[in-house]
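Inspection log for the structure reproduced underneath, given as structure tokens.
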Amino acid sequence: AVRGMNMVVLDIGEALVYPSHPELAVQGSWTPDRMRTEIARLRGLGLEVIPKLNFSNTHNGWLKGLRRQVSTPAYYAACSDVIRDVVEIFDRPRMLHLGYDEETAGHQAALDFVAVRKGELWWHDFLWFVGVTEKLGVRPWVWSDYGWHHPEYVKRCPKSVMQSNWYYDEDLGGFSLDKAKNRYWDILQLYIDLEKAGFEQIPCGSNWLSSKHKANGRIVNESMVPLMDYCRERIAPERLKGFMMASWAPCKPGEKEDFIRAGIDLVANRM
């Protein structure tokens with residue numbers, strides 16, 4: 001907040017005791033009242049608080065046994081209950097981040113149970129989550145990476161859904177749109193395609209260091225800065241709703257605090 005940031009996204013997962021499904025809690029999960037106290041504290045700092053529940057099958061371990069019941073009546077009922085709980089506890093936030101990233105077999109290679117929705121089932125469930133959220137008066141927000149390899153995403157996704165396409169610059173092409181030179185050109189192209197289709201966007205970057213960065217001798221990842229420049233040049237101001245820094249570091253007191261602050265500084269300095 002001191003650096004001018006105005007929003008924090010809380011990735012809740014198992015961190016909350018859901019009134020409708022207390023069985024999802026783990027040791028240390030916060031009660032609704034404790035979460036409300038934290039929300040009030042953050043708002044007092046001038047930060048809008050947005051809850052996040054990741055319903056990607058790659059990131060839904062917080063759903064415990066329901067992870068093995070994806071796309072069943074029990075799954076839909078529980079997910080609807082949990083979303084309703086969060087909307088109530090967060091006092092009907094402006095948006096709810098639904099996650100929905102990295103649902104591929106490759107991203108689940110180390111898991112004992114692999115579940116990947118495809119085709120019309122993926123669309124059914126995605127649009128179901130969008131509908132449940134909107135019926136509660138809250139705007140859905142998602143990661144956009146399904147659109148990297150599914151061109152129909154830009155056409156079929158409702159324009160009401162806030163988009164966060166993410167790019168962390170893996171040292172394999174940087175910000176070149178030359179398909180022959182940049183392995184990840186399709187990620188950069190999606191920012192342009194979403195803009196042409198009229199979506200509102202909150203591009204996401206990181207100062208997280210991948211194994212590729214480290215192998216190339218990188219100590220610091222500052223790709224957030226050129227990402228902000230890239231998006232400002234290609235997304236209309238009225239549809240560019242800000243930038244998100246996701247450092248993907250532990251938030252335990254005393255752990256990675258300097259790293260997290262460095263990520264905040266990258267955005268604040270460029271803003």
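Chains: A, B, ... in order of the structure tokens. Residues: from 1 per chain. Ligands: from 1, in order shown.
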Per residue of region 198-223 of chain A within 7 Å of region 168-192 of chain A, what are the shortest atom pair and its distance in Å to one decimal, counting only C-alpha atoms, with rows by chain and residue number, as CSV?
residue,atom,partner,partner_atom,distance
A:Gly205,CA,A:Tyr168,CA,5.5
A:Ser206,CA,A:Tyr168,CA,5.7
A:Lys212,CA,A:Glu170,CA,6.5
A:His213,CA,A:Glu170,CA,6.4
A:Ser223,CA,A:Asp169,CA,6.1
With a distance cut-off of 12 Å and only C-alpha atoms, select the neighbouring residues of region 146-153 of chain A, excluding the residue or stretch itself and same-chain residues fewer than 3 positions from it, and output the selection as an NGL selection string. :A and (56 or 99-104 or 117-120 or 122-123 or 126-127 or 142-143 or 156-159 or 161 or 163-167 or 183-194 or 197 or 199)
Enumerate as a PyMOL selection string all residues of region 9-233 of chain A assigned to helix (DSSP H, G or I) by DSSP on the backbone, naming them with the chain letters and numbers the document uses. chain A and resi 13-15+22-24+32-44+61-69+73-89+106-108+119-135+145-148+153-156+185-197+211-215+224-233
Within 12 Å of Asp112 (chain A), counting only C-alpha atoms, which residues qualify if same-chain residues fewer than 4 places away don't, as a PyMOL selection string? chain A and resi 58+61+67-68+105+108
Dump N, CA, C and O atoms for the selected residues as a compact mmCIF listing (two decimals), in the first residue's frame?
# COMPACT_ATOMS: atom_id res chain seq x y z
N THR A 58 -5.57 -29.22 -11.59
CA THR A 58 -4.17 -29.30 -11.21
C THR A 58 -3.93 -28.64 -9.86
O THR A 58 -2.96 -28.96 -9.17
N GLY A 61 -6.27 -29.52 -4.86
CA GLY A 61 -6.06 -30.44 -3.75
C GLY A 61 -6.78 -30.01 -2.50
O GLY A 61 -7.12 -30.84 -1.64
N ARG A 67 -11.87 -33.84 -5.25
CA ARG A 67 -11.03 -33.79 -6.44
C ARG A 67 -11.24 -35.02 -7.33
O ARG A 67 -11.06 -34.96 -8.54
N ARG A 68 -11.64 -36.12 -6.71
CA ARG A 68 -11.88 -37.35 -7.47
C ARG A 68 -13.34 -37.48 -7.90
O ARG A 68 -13.75 -38.50 -8.43
N ALA A 105 -2.31 -32.85 -18.40
CA ALA A 105 -1.71 -34.06 -17.83
C ALA A 105 -0.25 -33.80 -17.44
O ALA A 105 0.23 -34.33 -16.44
N GLN A 108 0.19 -32.41 -14.09
CA GLN A 108 -0.20 -33.33 -13.03
C GLN A 108 0.66 -34.60 -13.01
O GLN A 108 0.33 -35.58 -12.35
Which residues come within 8 Å of region 32-38 of chain A, counting only C-alpha atoms, excluding same-chain residues fewer than 4 positions away, as a ChimeraX atom specification? /A:16-19,42,89-90
Written file, previous selection with N, CA and C atoms, as a PDB file, in the first residue's frame:
ATOM      1  N   LEU A  16      -9.258 -21.561   4.947  1.00  0.00           N
ATOM      2  CA  LEU A  16     -10.494 -21.088   5.561  1.00  0.00           C
ATOM      3  C   LEU A  16     -11.378 -22.269   5.954  1.00  0.00           C
ATOM      4  N   VAL A  17     -12.027 -22.145   7.115  1.00  0.00           N
ATOM      5  CA  VAL A  17     -13.042 -23.124   7.507  1.00  0.00           C
ATOM      6  C   VAL A  17     -14.347 -22.695   6.838  1.00  0.00           C
ATOM      7  N   TYR A  18     -14.753 -23.402   5.802  1.00  0.00           N
ATOM      8  CA  TYR A  18     -15.966 -23.044   5.073  1.00  0.00           C
ATOM      9  C   TYR A  18     -17.187 -23.503   5.885  1.00  0.00           C
ATOM     10  N   PRO A  19     -18.087 -22.588   6.212  1.00  0.00           N
ATOM     11  CA  PRO A  19     -19.249 -22.976   7.026  1.00  0.00           C
ATOM     12  C   PRO A  19     -20.048 -24.130   6.430  1.00  0.00           C
ATOM     13  N   LEU A  42      -6.692  -5.335   5.966  1.00  0.00           N
ATOM     14  CA  LEU A  42      -6.158  -5.027   4.639  1.00  0.00           C
ATOM     15  C   LEU A  42      -6.890  -3.850   4.006  1.00  0.00           C
ATOM     16  N   ILE A  89     -18.538 -14.153   3.252  1.00  0.00           N
ATOM     17  CA  ILE A  89     -17.482 -13.783   4.210  1.00  0.00           C
ATOM     18  C   ILE A  89     -16.716 -12.554   3.739  1.00  0.00           C
ATOM     19  N   PHE A  90     -16.519 -12.435   2.436  1.00  0.00           N
ATOM     20  CA  PHE A  90     -15.798 -11.284   1.883  1.00  0.00           C
ATOM     21  C   PHE A  90     -16.733 -10.120   1.553  1.00  0.00           C
TER      22      PHE A  90
END
Work out how far CA of Val116 (chain A) is from CA of Asp81 (chain A), in Å to one decimal.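 About the pair CA of Asp81 (chain A) and CA of Val116 (chain A): they are 22.7 Å apart.
Candidate residues A:Glu195, A:Glu233, A:Asp91, A:Glu48 were compared for distance to Val9 (chain A), and the nearest is A:Glu48, using only C-alpha atoms.
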Could you find all residues in region 73-145 of chain A that DSSP calls strand (DSSP E) from the backbone, and write them as a PDB file with N, CA, C and O atoms, in the first residue's frame?
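File produced: selection-v2.pdb:
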ATOM      1  N   MET A  95     -14.850  -8.914  -7.352  1.00  0.00           N
ATOM      2  CA  MET A  95     -14.493 -10.039  -8.215  1.00  0.00           C
ATOM      3  C   MET A  95     -14.157 -11.259  -7.370  1.00  0.00           C
ATOM      4  O   MET A  95     -13.847 -11.147  -6.189  1.00  0.00           O
ATOM      5  N   LEU A  96     -14.222 -12.422  -8.003  1.00  0.00           N
ATOM      6  CA  LEU A  96     -13.756 -13.677  -7.413  1.00  0.00           C
ATOM      7  C   LEU A  96     -12.875 -14.356  -8.450  1.00  0.00           C
ATOM      8  O   LEU A  96     -13.316 -14.627  -9.571  1.00  0.00           O
ATOM      9  N   HIS A  97     -11.629 -14.612  -8.079  1.00  0.00           N
ATOM     10  CA  HIS A  97     -10.704 -15.292  -8.989  1.00  0.00           C
ATOM     11  C   HIS A  97     -10.958 -16.790  -8.895  1.00  0.00           C
ATOM     12  O   HIS A  97     -10.890 -17.379  -7.816  1.00  0.00           O
ATOM     13  N   ARG A 139     -18.083 -10.581 -10.103  1.00  0.00           N
ATOM     14  CA  ARG A 139     -17.490 -10.770 -11.418  1.00  0.00           C
ATOM     15  C   ARG A 139     -16.429 -11.875 -11.396  1.00  0.00           C
ATOM     16  O   ARG A 139     -15.530 -11.864 -10.551  1.00  0.00           O
ATOM     17  N   PRO A 140     -16.492 -12.834 -12.319  1.00  0.00           N
ATOM     18  CA  PRO A 140     -15.475 -13.890 -12.388  1.00  0.00           C
ATOM     19  C   PRO A 140     -14.160 -13.345 -12.953  1.00  0.00           C
ATOM     20  O   PRO A 140     -14.150 -12.499 -13.848  1.00  0.00           O
ATOM     21  N   TRP A 141     -13.062 -13.882 -12.438  1.00  0.00           N
ATOM     22  CA  TRP A 141     -11.712 -13.516 -12.869  1.00  0.00           C
ATOM     23  C   TRP A 141     -10.946 -14.824 -13.024  1.00  0.00           C
ATOM     24  O   TRP A 141     -11.021 -15.695 -12.158  1.00  0.00           O
ATOM     25  N   VAL A 142     -10.226 -15.003 -14.122  1.00  0.00           N
ATOM     26  CA  VAL A 142      -9.535 -16.276 -14.353  1.00  0.00           C
ATOM     27  C   VAL A 142      -8.147 -16.060 -14.941  1.00  0.00           C
ATOM     28  O   VAL A 142      -7.840 -15.011 -15.511  1.00  0.00           O
ATOM     29  N   TRP A 143      -7.311 -17.091 -14.785  1.00  0.00           N
ATOM     30  CA  TRP A 143      -6.086 -17.176 -15.582  1.00  0.00           C
ATOM     31  C   TRP A 143      -6.487 -17.512 -17.012  1.00  0.00           C
ATOM     32  O   TRP A 143      -7.418 -18.283 -17.231  1.00  0.00           O
TER      33      TRP A 143
END
Which one of A:Ser71, A:Ser80, A:Thr133, A:Asn207 sits closest to Leu98 (chain A) if you count only C-alpha atoms?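 When distances to Leu98 (chain A) are compared using only C-alpha atoms, the smallest one comes from A:Thr133.
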Top pick for closest residue to Arg239 (chain A), considering A:Gly106, A:Pro93, A:Gly198, A:Pro73 and counting only C-alpha atoms: A:Gly198
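Closest approach to Ser144 (chain A) from the set A:Ile202, A:Leu66, A:Val86, A:Ser211 is made by A:Ile202, with distances taken over only C-alpha atoms.
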List the spatial neighbours of Lys196 (chain A) as a ChimeraX atom specification - criterion: any atom at most 10 Å away, only C-alpha atoms, same-chain residues fewer than 6 positions off excluded. /A:154,190,234-236
Could those selected residues go to a file with N, CA, C and O atoms, as a tab-separated table (two decimals), in the first residue's frame?
chain	number	residue	atom	x	y	z
A	154	VAL	N	-11.07	-17.31	-27.05
A	154	VAL	CA	-11.37	-15.89	-27.20
A	154	VAL	C	-12.80	-15.68	-27.70
A	154	VAL	O	-13.46	-14.69	-27.35
A	190	LEU	N	-1.68	-13.81	-27.18
A	190	LEU	CA	-3.00	-13.85	-26.54
A	190	LEU	C	-3.38	-12.50	-25.95
A	190	LEU	O	-4.57	-12.14	-25.95
A	234	ARG	N	-0.17	-2.28	-26.24
A	234	ARG	CA	-1.06	-3.09	-27.06
A	234	ARG	C	-2.48	-3.22	-26.53
A	234	ARG	O	-3.36	-3.72	-27.23
A	235	ILE	N	-2.71	-2.82	-25.29
A	235	ILE	CA	-4.04	-2.92	-24.70
A	235	ILE	C	-4.55	-1.51	-24.44
A	235	ILE	O	-3.86	-0.69	-23.83
A	236	ALA	N	-5.77	-1.23	-24.89
A	236	ALA	CA	-6.36	0.10	-24.71
A	236	ALA	C	-6.47	0.43	-23.22
A	236	ALA	O	-6.82	-0.44	-22.42
